[in-house]
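Enquirer: Contents are compact mmCIF, C-alpha atoms and all ligand atoms; file name coords16.txt:
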```
# COMPACT_ATOMS: atom_id res chain seq x y z
CA MET A 5 -0.71 16.01 27.31
CA ARG A 6 0.62 12.61 26.41
CA THR A 7 2.15 11.81 23.03
CA ARG A 8 4.87 9.47 21.78
CA ILE A 9 7.31 12.36 22.33
CA THR A 10 6.38 13.02 25.97
CA GLU A 11 6.72 9.28 26.58
CA LEU A 12 10.04 8.95 24.76
CA LEU A 13 11.66 11.97 26.40
CA GLY A 14 10.04 11.76 29.84
CA ILE A 15 8.62 15.29 29.66
CA ARG A 16 5.24 16.77 30.55
CA TYR A 17 4.43 18.70 27.37
CA PRO A 18 5.50 17.86 23.80
CA ILE A 19 7.34 21.15 23.34
CA VAL A 20 11.06 21.20 22.55
CA GLN A 21 13.45 24.15 22.42
CA GLY A 22 15.71 23.50 19.44
CA GLY A 23 19.47 23.98 19.51
CA MET A 24 20.40 27.64 18.98
CA GLN A 25 23.93 28.85 18.45
CA TRP A 26 24.88 31.52 21.05
CA VAL A 27 21.39 31.26 22.61
CA GLY A 28 21.05 27.65 23.77
CA LYS A 29 22.77 27.97 27.14
CA ALA A 30 21.86 26.63 30.57
CA GLU A 31 19.58 29.56 31.49
CA LEU A 32 17.20 28.86 28.61
CA ALA A 33 17.45 25.05 28.48
CA SER A 34 16.76 24.71 32.22
CA ALA A 35 13.84 27.17 32.07
CA VAL A 36 12.18 25.19 29.24
CA SER A 37 12.74 21.90 31.03
CA ASN A 38 11.45 23.30 34.34
CA ALA A 39 8.32 24.45 32.48
CA GLY A 40 7.64 20.87 31.34
CA GLY A 41 9.18 21.00 27.86
CA LEU A 42 12.58 19.79 26.69
CA GLY A 43 15.38 22.35 26.88
CA ILE A 44 18.45 21.79 24.70
CA LEU A 45 22.00 23.08 25.18
CA THR A 46 23.87 23.90 21.97
CA ALA A 47 27.20 22.11 22.07
CA LEU A 48 29.07 24.37 19.65
CA THR A 49 28.16 27.51 21.60
CA GLN A 50 30.76 26.23 24.04
CA PRO A 51 34.38 26.78 22.97
CA SER A 52 35.53 23.24 23.82
CA PRO A 53 34.20 19.82 24.84
CA ALA A 54 35.38 20.51 28.42
CA ALA A 55 33.39 23.76 28.46
CA LEU A 56 30.35 21.82 27.25
CA ALA A 57 30.74 19.40 30.16
CA ASP A 58 30.82 22.40 32.55
CA GLU A 59 27.70 23.86 30.92
CA ILE A 60 25.88 20.53 31.32
CA ARG A 61 26.77 20.53 35.02
CA ARG A 62 25.57 24.14 35.31
CA CYS A 63 22.27 23.21 33.64
CA ARG A 64 21.83 20.24 35.96
CA GLU A 65 22.16 22.58 38.93
CA MET A 66 19.30 24.65 37.48
CA THR A 67 16.89 21.79 36.72
CA ASP A 68 16.26 18.22 37.81
CA LYS A 69 14.18 17.59 34.65
CA PRO A 70 15.47 16.00 31.43
CA PHE A 71 17.33 18.24 28.97
CA GLY A 72 19.27 17.52 25.80
CA VAL A 73 22.34 18.59 23.82
CA ASN A 74 22.33 19.72 20.19
CA LEU A 75 25.22 18.80 17.91
CA THR A 76 25.09 20.61 14.59
CA LEU A 77 27.08 18.84 11.89
CA LEU A 78 27.59 21.51 9.24
CA PRO A 79 30.48 22.41 6.93
CA SER A 80 32.90 24.69 8.75
CA LEU A 81 36.07 26.53 7.79
CA LYS A 82 37.74 25.22 10.96
CA PRO A 83 37.51 21.46 11.72
CA ILE A 84 35.27 20.75 14.73
CA PRO A 85 36.03 17.82 17.11
CA TYR A 86 32.48 16.44 16.95
CA GLU A 87 33.35 13.11 18.52
CA GLU A 88 34.98 14.83 21.49
CA TYR A 89 31.88 17.00 22.01
CA ALA A 90 29.70 13.87 21.85
CA TRP A 91 31.92 12.03 24.35
CA ALA A 92 31.97 15.01 26.71
CA ALA A 93 28.16 15.13 26.75
CA VAL A 94 27.75 11.38 27.11
CA GLU A 95 30.28 11.27 29.95
CA ALA A 96 28.45 14.15 31.65
CA GLY A 97 25.34 11.92 31.65
CA VAL A 98 23.32 13.41 28.78
CA LYS A 99 20.67 10.96 27.52
CA ILE A 100 19.00 13.04 24.81
CA PHE A 101 20.70 14.44 21.71
CA GLU A 102 19.40 16.60 18.90
CA THR A 103 21.58 16.28 15.81
CA ALA A 104 21.24 18.47 12.73
CA GLY A 105 22.97 19.08 9.42
CA ARG A 106 24.79 15.97 8.18
CA SER A 107 23.63 12.47 9.14
CA PRO A 108 24.79 11.54 12.67
CA ASP A 109 25.72 8.05 11.40
CA ALA A 110 29.35 8.22 12.55
CA LEU A 111 28.38 9.30 16.07
CA MET A 112 25.64 6.70 16.61
CA PRO A 113 27.95 4.14 18.29
CA ILE A 114 28.83 6.76 20.95
CA PHE A 115 25.17 7.64 21.56
CA ASN A 116 24.01 4.02 21.48
CA GLY A 117 26.77 2.91 23.83
CA ALA A 118 25.45 5.41 26.38
CA GLY A 119 21.82 4.35 25.87
CA ALA A 120 21.02 7.89 24.66
CA VAL A 121 18.05 8.88 22.52
CA VAL A 122 18.86 10.69 19.26
CA ILE A 123 16.43 13.10 17.61
CA HIS A 124 17.74 13.99 14.16
CA LYS A 125 16.50 17.29 12.77
CA CYS A 126 16.20 17.41 8.99
CA THR A 127 14.32 19.15 6.23
CA SER A 128 13.15 16.30 3.98
CA VAL A 129 11.34 12.99 4.19
CA ARG A 130 14.28 11.17 2.59
CA HIS A 131 16.71 12.38 5.24
CA ALA A 132 14.18 11.55 7.96
CA LEU A 133 13.94 8.00 6.59
CA THR A 134 17.73 7.71 6.71
CA ALA A 135 17.71 8.92 10.31
CA GLN A 136 15.09 6.32 11.20
CA ARG A 137 17.10 3.59 9.45
CA ILE A 138 20.32 4.36 11.32
CA GLY A 139 18.55 4.17 14.67
CA CYS A 140 17.39 7.68 15.59
CA ALA A 141 14.50 7.36 18.02
CA ALA A 142 12.66 10.39 16.63
CA VAL A 143 13.00 13.07 13.99
CA SER A 144 12.41 16.80 14.04
CA VAL A 145 11.08 17.83 10.67
CA ASP A 146 12.19 21.39 9.88
CA GLY A 147 9.84 22.93 7.32
CA PHE A 148 10.73 25.74 4.94
CA GLU A 149 9.50 28.25 7.55
CA CYS A 150 12.34 27.48 9.97
CA ALA A 151 15.11 29.70 11.24
CA GLY A 152 18.65 28.47 10.62
CA HIS A 153 19.12 26.13 7.66
CA PRO A 154 15.91 25.19 5.81
CA GLY A 155 17.70 22.96 3.26
CA GLU A 156 17.18 23.24 -0.47
CA ASP A 157 13.77 21.61 -1.04
CA ASP A 158 11.57 24.49 0.13
CA ILE A 159 8.68 22.32 1.36
CA PRO A 160 6.57 24.07 4.02
CA ASN A 161 5.21 22.16 7.00
CA LEU A 162 1.62 22.04 5.76
CA VAL A 163 2.87 19.45 3.25
CA LEU A 164 6.09 18.19 4.86
CA LEU A 165 4.50 17.04 8.13
CA PRO A 166 1.73 14.86 6.66
CA ARG A 167 4.25 13.48 4.15
CA ALA A 168 6.59 12.58 7.01
CA ALA A 169 3.70 11.10 9.02
CA ASP A 170 2.79 8.92 6.02
CA GLU A 171 6.28 7.46 5.70
CA LEU A 172 7.85 7.28 9.15
CA GLN A 173 7.30 4.93 12.04
CA VAL A 174 9.33 6.91 14.61
CA PRO A 175 7.74 9.88 16.44
CA ILE A 176 7.84 13.22 14.61
CA ILE A 177 8.48 16.66 16.04
CA ALA A 178 7.21 19.54 13.91
CA SER A 179 9.75 22.34 13.61
CA GLY A 180 9.67 25.67 11.82
CA GLY A 181 6.99 28.33 11.87
CA ILE A 182 5.50 27.38 15.23
CA GLY A 183 5.10 30.31 17.60
CA ASP A 184 1.90 29.84 19.51
CA GLU A 185 -0.97 27.55 20.48
CA ARG A 186 -2.37 27.55 16.94
CA GLY A 187 0.89 26.16 15.60
CA LEU A 188 0.93 23.49 18.31
CA ALA A 189 -2.65 22.44 17.58
CA ALA A 190 -2.05 22.41 13.82
CA ALA A 191 1.14 20.36 14.13
CA LEU A 192 -0.66 17.69 16.16
CA VAL A 193 -3.45 17.57 13.59
CA LEU A 194 -0.94 17.25 10.74
CA GLY A 195 0.52 14.12 12.29
CA ALA A 196 3.30 15.39 14.57
CA ASP A 197 3.81 14.09 18.10
CA GLY A 198 5.24 17.37 19.36
CA VAL A 199 6.72 20.70 18.33
CA ASN A 200 10.16 22.26 18.28
CA MET A 201 10.59 26.03 18.49
CA GLY A 202 13.58 28.30 18.08
CA THR A 203 12.59 31.89 17.32
CA ARG A 204 9.71 31.98 19.84
CA PHE A 205 12.02 30.85 22.67
CA MET A 206 14.49 33.67 21.87
CA ALA A 207 11.85 36.17 22.96
CA THR A 208 11.43 34.79 26.47
CA ARG A 209 12.61 36.30 29.73
CA GLU A 210 15.13 33.54 30.37
CA ALA A 211 16.80 33.53 26.93
CA PRO A 212 20.37 34.64 27.71
CA ILE A 213 20.52 37.27 24.97
CA HIS A 214 20.33 41.06 24.97
CA GLN A 215 16.92 42.65 25.51
CA ASN A 216 17.31 44.58 22.22
CA VAL A 217 17.20 41.31 20.24
CA LYS A 218 14.03 40.22 22.02
CA GLU A 219 12.46 43.62 21.35
CA ALA A 220 13.53 43.46 17.69
CA LEU A 221 11.54 40.23 17.43
CA VAL A 222 8.51 41.80 19.10
CA GLY A 223 8.73 44.71 16.65
CA ALA A 224 9.28 42.58 13.55
CA THR A 225 6.71 41.13 11.17
CA GLU A 226 6.67 37.87 9.24
CA LEU A 227 8.34 39.74 6.35
CA ASP A 228 11.53 40.44 8.27
CA THR A 229 13.68 37.47 7.24
CA ILE A 230 15.74 36.76 4.15
CA HIS A 231 17.48 33.72 2.69
CA LEU A 232 21.19 33.83 1.86
CA LEU A 233 23.68 31.24 0.51
CA ARG A 234 21.22 29.56 -1.86
CA GLN A 235 23.77 29.57 -4.71
CA LEU A 236 26.20 27.67 -2.48
CA ARG A 237 23.52 25.10 -1.56
CA ASN A 238 23.82 26.00 2.11
CA THR A 239 20.70 28.16 2.39
CA ALA A 240 20.31 30.02 5.67
CA ARG A 241 17.50 32.24 6.88
CA TYR A 242 18.51 35.48 8.57
CA PHE A 243 16.78 38.39 10.24
CA ARG A 244 16.50 41.26 7.78
CA ASN A 245 18.99 43.96 8.80
CA SER A 246 21.61 46.13 7.07
CA VAL A 247 24.22 43.32 7.12
CA SER A 248 21.99 40.56 5.70
CA MET A 249 20.74 43.01 3.04
CA GLU A 250 24.34 43.93 2.11
CA ALA A 251 25.14 40.21 1.74
CA HIS A 252 22.02 39.80 -0.38
CA GLU A 253 23.19 42.61 -2.70
CA ILE A 254 26.59 40.90 -3.09
CA GLU A 255 24.84 37.64 -3.96
CA LYS A 256 22.76 39.38 -6.62
CA HIS A 257 25.79 41.13 -8.04
CA LYS A 258 28.06 38.04 -8.14
CA GLY A 259 25.41 35.60 -9.35
CA ALA A 260 26.90 32.24 -10.33
CA GLU A 261 30.44 33.54 -9.53
CA LEU A 262 29.66 33.81 -5.80
CA THR A 263 32.07 32.13 -3.37
CA ILE A 264 31.88 31.84 0.40
CA GLU A 265 34.84 34.25 0.67
CA ASP A 266 32.66 37.01 -0.82
CA LEU A 267 30.28 36.78 2.13
CA ALA A 268 32.55 35.55 4.93
CA PRO A 269 33.29 39.02 6.41
CA LEU A 270 29.55 39.72 6.67
CA ILE A 271 28.16 36.37 7.81
CA ASN A 272 30.98 35.73 10.29
CA GLY A 273 29.57 33.94 13.35
CA GLN A 274 31.50 36.07 15.82
CA ARG A 275 29.74 39.19 14.52
CA GLY A 276 26.43 37.39 15.11
CA ARG A 277 27.53 36.58 18.61
CA LYS A 278 28.04 40.30 19.31
CA VAL A 279 24.41 40.90 18.36
CA TYR A 280 23.23 38.67 21.19
CA GLU A 281 25.82 39.84 23.71
CA ASP A 282 25.95 43.60 23.07
CA GLY A 283 22.44 44.13 21.72
CA ASP A 284 23.53 45.88 18.52
CA VAL A 285 21.08 44.15 16.15
CA GLU A 286 23.00 45.56 13.16
CA ALA A 287 26.40 44.18 14.25
CA GLY A 288 26.16 41.06 12.09
CA VAL A 289 23.76 38.48 10.70
CA TRP A 290 21.54 36.51 13.06
CA THR A 291 18.88 33.97 12.34
CA ALA A 292 15.15 34.10 13.06
CA SER A 293 12.06 32.83 11.28
CA PRO A 294 8.78 34.41 10.15
CA VAL A 295 7.49 33.42 13.59
CA SER A 296 8.66 36.95 14.46
CA GLY A 297 5.29 38.00 13.01
CA LEU A 298 3.56 36.07 15.80
CA ILE A 299 5.66 37.44 18.67
CA ASN A 300 4.05 40.25 20.64
CA ASP A 301 5.50 39.82 24.11
CA ILE A 302 8.42 38.48 26.14
CA PRO A 303 6.92 35.93 28.57
CA THR A 304 8.72 33.49 30.84
CA CYS A 305 9.13 30.00 29.36
CA GLU A 306 6.60 28.76 31.87
CA GLU A 307 4.00 31.37 30.83
CA LEU A 308 4.61 30.62 27.16
CA ILE A 309 4.34 26.86 27.47
CA ALA A 310 1.35 26.97 29.83
CA ARG A 311 -0.66 29.22 27.56
CA MET A 312 0.25 27.23 24.45
CA VAL A 313 -0.95 24.01 26.02
CA THR A 314 -4.12 25.44 27.57
CA THR A 315 -5.18 27.40 24.51
CA ALA A 316 -4.31 24.63 22.03
CA ARG A 317 -6.72 22.39 23.92
CA GLN A 318 -9.45 25.07 23.73
CA ILE A 319 -8.85 25.64 20.01
CA LEU A 320 -9.08 21.94 19.20
CA ASN A 321 -12.30 21.60 21.23
CA GLU A 322 -13.86 24.66 19.62
CA ARG A 323 -12.92 23.60 16.10
CA LEU A 324 -14.58 20.23 16.63
CA ALA A 325 -17.87 22.11 16.73
CA VAL A 326 -17.79 22.53 12.93
CA PHE A 327 -18.70 18.86 12.71
CA ALA A 328 -21.80 19.34 14.86
C1 LIG B 1 19.04 32.06 16.91
C2 LIG B 1 18.92 30.67 16.37
C3 LIG B 1 20.04 29.86 16.29
C4 LIG B 1 19.91 28.55 15.80
N1 LIG B 1 21.03 27.75 15.80
C5 LIG B 1 20.89 26.43 15.49
C6 LIG B 1 21.98 25.55 15.63
O1 LIG B 1 23.08 25.94 16.01
N2 LIG B 1 21.78 24.23 15.33
C7 LIG B 1 20.56 23.77 14.92
O2 LIG B 1 20.44 22.58 14.70
N3 LIG B 1 19.51 24.59 14.76
C8 LIG B 1 19.64 25.90 15.05
N4 LIG B 1 18.55 26.73 14.95
C9 LIG B 1 17.26 26.19 14.48
C10 LIG B 1 16.32 25.83 15.63
O3 LIG B 1 16.83 24.80 16.44
C11 LIG B 1 14.96 25.36 15.09
O4 LIG B 1 15.12 24.23 14.27
C12 LIG B 1 14.29 26.46 14.30
O5 LIG B 1 14.44 27.71 14.94
C13 LIG B 1 12.81 26.17 14.13
O6 LIG B 1 12.20 27.21 13.45
P1 LIG B 1 11.45 28.42 14.21
O7 LIG B 1 12.50 29.42 14.48
O8 LIG B 1 10.45 28.89 13.20
O9 LIG B 1 10.82 27.89 15.45
C14 LIG B 1 18.65 28.06 15.38
C15 LIG B 1 17.53 28.89 15.44
C16 LIG B 1 17.64 30.18 15.93
C17 LIG B 1 16.41 31.05 16.00
```
What is this structure when it is put down as structure tokens?

Expert:
Amino acid sequence: MRTRITELLGIRYPIVQGGMQWVGKAELASAVSNAGGLGILTALTQPSPAALADEIRRCREMTDKPFGVNLTLLPSLKPIPYEEYAWAAVEAGVKIFETAGRSPDALMPIFNGAGAVVIHKCTSVRHALTAQRIGCAAVSVDGFECAGHPGEDDIPNLVLLPRAADELQVPIIASGGIGDERGLAAALVLGADGVNMGTRFMATREAPIHQNVKEALVGATELDTIHLLRQLRNTARYFRNSVSMEAHEIEKHKGAELTIEDLAPLINGQRGRKVYEDGDVEAGVWTASPVSGLINDIPTCEELIARMVTTARQILNERLAVFA
């Protein structure tokens, strides 16, 4: 497959593994890159910029293919040394960055100085246009379906992708709701140059998370996610479990009076981390998307990517027959 994304990133297939807090480590990123996609390490999963540099070195020992680093620029109770993380990655030789959350404007001189490519992930056409204007080489467009932070506009990819394709000149990566070959084929038809997946890559053999989490995704349906934090304009999608439902009840009860302190003990990131490490899927909140409804197995990254590419080609060929 050759698209503007495979050309830009120097990869074989236009399939990207998006940044994932506590999940995006060297084991997964290298497996995706070895399978011909683009694996991405999540910078803030590492406790310090120096630890990120070590993780980049570890990933490089596991693959000789390109991989990237995600920097997620979101509000945080504790200040995060974003510039130091960016410098650590650049100095370790990283040439591809995925940014998300706030605009990466302030970090662009660091990335540009290193000749690195920046893919900004955002949830609206207006933010994608800003990313293009400030020099991002591509955008990932995260539709309403996505895991993590879907933004506040609630536009699903069936509309968001063609809207983005109408307005943008830079290559577009479709993100959110893609879990198999049908999603890949549809994204290409809607005007994307590639796809980005999070939830589907969690349920792969190489994802460095507890087997219970992978099996929870296999067992779940598309109904098993819930949005929290809408009142605080920081909407996040979580897997439906006892903790996310308790937080949801607090939100309903507090209404307009809700503050982040009301939810902090429940949505605490360290509790989420325990889910992935210890396999207690009720230990805290963790994010996933309705793609869980499409997950029926736990393949290797290579099996997943190979079957997506092969079957997407078949689907597109077969569907052409309707014009006969
Ligand atoms: C467990 C998990 C953690 C995530 N953490 C981050 C993150 O730290 N930064 C980020 O930019 N996106 C994060 N995402 C979003 C993904 O990179 C991707 O945009 C999203 O999963 C796409 O939607 P999908 O899950 O339907 O494929 C996360 C997704 C998952 C499933």

Enquirer: At most 9 Å is the cut-off: for each residue in chain A with any atom that close to an atom of ligand LIG 1 (chain B), write down the nearest atom pair and the distance in Å rounded to one decimal, counting all atoms listed in the file, chain first then increasing number, as a Markdown table.

Expert:
```
| residue | atom | partner | partner_atom | distance |
| --- | --- | --- | --- | --- |
| A:Gln21 | CA | B:LIG1 | O3 | 6.9 |
| A:Gly22 | CA | B:LIG1 | O3 | 3.5 |
| A:Gly23 | CA | B:LIG1 | O3 | 4.1 |
| A:Met24 | CA | B:LIG1 | N1 | 3.2 |
| A:Gln25 | CA | B:LIG1 | O1 | 3.9 |
| A:Trp26 | CA | B:LIG1 | C3 | 7.0 |
| A:Val27 | CA | B:LIG1 | C1 | 6.2 |
| A:Gly28 | CA | B:LIG1 | C3 | 7.9 |
| A:Ile44 | CA | B:LIG1 | O3 | 8.9 |
| A:Thr46 | CA | B:LIG1 | O1 | 6.3 |
| A:Ala47 | CA | B:LIG1 | O1 | 8.3 |
| A:Leu48 | CA | B:LIG1 | O1 | 7.2 |
| A:Thr49 | CA | B:LIG1 | O1 | 7.7 |
| A:Asn74 | CA | B:LIG1 | O2 | 6.5 |
| A:Leu75 | CA | B:LIG1 | O2 | 6.9 |
| A:Thr76 | CA | B:LIG1 | N2 | 5.0 |
| A:Leu77 | CA | B:LIG1 | O2 | 8.1 |
| A:Leu78 | CA | B:LIG1 | N2 | 8.8 |
| A:Glu102 | CA | B:LIG1 | O2 | 7.4 |
| A:Thr103 | CA | B:LIG1 | O2 | 6.5 |
| A:Ala104 | CA | B:LIG1 | O2 | 4.6 |
| A:Gly105 | CA | B:LIG1 | O2 | 6.8 |
| A:Lys125 | CA | B:LIG1 | O2 | 6.9 |
| A:Cys126 | CA | B:LIG1 | O4 | 8.7 |
| A:Ser144 | CA | B:LIG1 | O4 | 7.9 |
| A:Val145 | CA | B:LIG1 | O4 | 8.4 |
| A:Asp146 | CA | B:LIG1 | O4 | 6.0 |
| A:Gly147 | CA | B:LIG1 | O6 | 7.8 |
| A:Phe148 | CA | B:LIG1 | O6 | 8.8 |
| A:Glu149 | CA | B:LIG1 | O8 | 5.8 |
| A:Cys150 | CA | B:LIG1 | O6 | 3.5 |
| A:Ala151 | CA | B:LIG1 | O7 | 4.2 |
| A:Gly152 | CA | B:LIG1 | N4 | 4.7 |
| A:His153 | CA | B:LIG1 | C9 | 7.1 |
| A:Pro154 | CA | B:LIG1 | O4 | 8.6 |
| A:Ala178 | CA | B:LIG1 | C13 | 8.7 |
| A:Ser179 | CA | B:LIG1 | C13 | 4.9 |
| A:Gly180 | CA | B:LIG1 | O6 | 3.4 |
| A:Gly181 | CA | B:LIG1 | O8 | 3.7 |
| A:Ile182 | CA | B:LIG1 | O9 | 5.3 |
| A:Gly183 | CA | B:LIG1 | O9 | 6.6 |
| A:Val199 | CA | B:LIG1 | O9 | 8.8 |
| A:Asn200 | CA | B:LIG1 | C13 | 6.3 |
| A:Met201 | CA | B:LIG1 | O9 | 3.6 |
| A:Gly202 | CA | B:LIG1 | O5 | 3.3 |
| A:Thr203 | CA | B:LIG1 | O7 | 3.8 |
| A:Arg204 | CA | B:LIG1 | O9 | 6.1 |
| A:Phe205 | CA | B:LIG1 | O9 | 7.9 |
| A:Met206 | CA | B:LIG1 | C17 | 6.7 |
| A:Tyr242 | CA | B:LIG1 | C17 | 8.9 |
| A:Tyr280 | CA | B:LIG1 | C1 | 8.9 |
| A:Trp290 | CA | B:LIG1 | C1 | 6.4 |
| A:Thr291 | CA | B:LIG1 | C1 | 5.0 |
| A:Ala292 | CA | B:LIG1 | C17 | 4.4 |
| A:Ser293 | CA | B:LIG1 | O8 | 4.7 |
| A:Pro294 | CA | B:LIG1 | O8 | 6.5 |
| A:Val295 | CA | B:LIG1 | O8 | 5.4 |
| A:Ser296 | CA | B:LIG1 | O8 | 8.4 |
```

Enquirer: Looking at A:Thr304, A:Ser248, A:Ser128, A:Asn216, which one is nearest to A:Glu281, with distances taken over all atoms listed in the file?

Expert: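 Using all atoms listed in the file, A:Glu281 sits closest to A:Asn216.
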
Enquirer: Report, in Å to a single decimal, how far apart atom CA of A:Gly155 and atom CA of A:Glu250 are.

Expert: 22.0 Å

Enquirer: Would you mind telling me which residue in A:Ala310, A:Ala316, A:Leu324, A:Ala190 lies nearest to A:Arg16 when using all atoms listed in the file?

Expert: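 Distance minimum relative to A:Arg16 lands on A:Ala310.
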
Enquirer: Which residue is closest to A:Arg311? Choose from A:Ala39, A:Ile123, A:Leu13, A:Ala30 and count all atoms listed in the file.

Expert: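 Among the listed residues, A:Ala39 lies closest to A:Arg311.
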
Enquirer: Just give me the gap between atom CA of A:Ala260 and atom CA of A:Val289 in Å, one decimal is fine.

Expert: 22.2 Å

Enquirer: Can you measure atom CA of A:Arg186 to atom CA of A:Thr10 for me? One decimal in Å is fine.

Expert: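 Computing it gives 19.2 Å between the two atoms.
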
Enquirer: Looking at all atoms listed in the file, which of A:Ala96, A:Ala142, A:Leu320, A:Leu298 is the one that sits closest to A:Pro53?

Expert: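 Closest to A:Pro53, using all atoms listed in the file: A:Ala96.
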
Enquirer: Residues within 10 Å of stretch 118-122 of chain A, please, as a PyMOL selection string. Count all atoms listed in the file; anything in the same chain fewer than 2 positions from it doesn't count.

Expert: chain A and resi 12-13+72-74+91+94-95+97-103+108+112-116+124-125+135-136+139-143

Enquirer: The residues within 10 Å of (36.9, 30.5, 5.7), using all atoms listed in the file and the coordinates of the file, should be reported as a list of chain:residue names; which are they?

Expert: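 Those residues, ordered by chain and then number, are A:Ser80, A:Leu81, A:Lys82, A:Ile264, A:Glu265, A:Leu267, A:Ala268, A:Pro269, A:Asn272.
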
Enquirer: Choose the residue, out of A:Ala207, A:Leu236, A:Val279, A:Leu164, that has the smallest atom-to-atom separation from A:Val222; count all atoms listed in the file.

Expert: A:Ala207

Enquirer: Closest to A:Asp170 among A:Val313, A:Val129, A:Ala220, A:Ala189, using only C-alpha atoms?

Expert: A:Val129
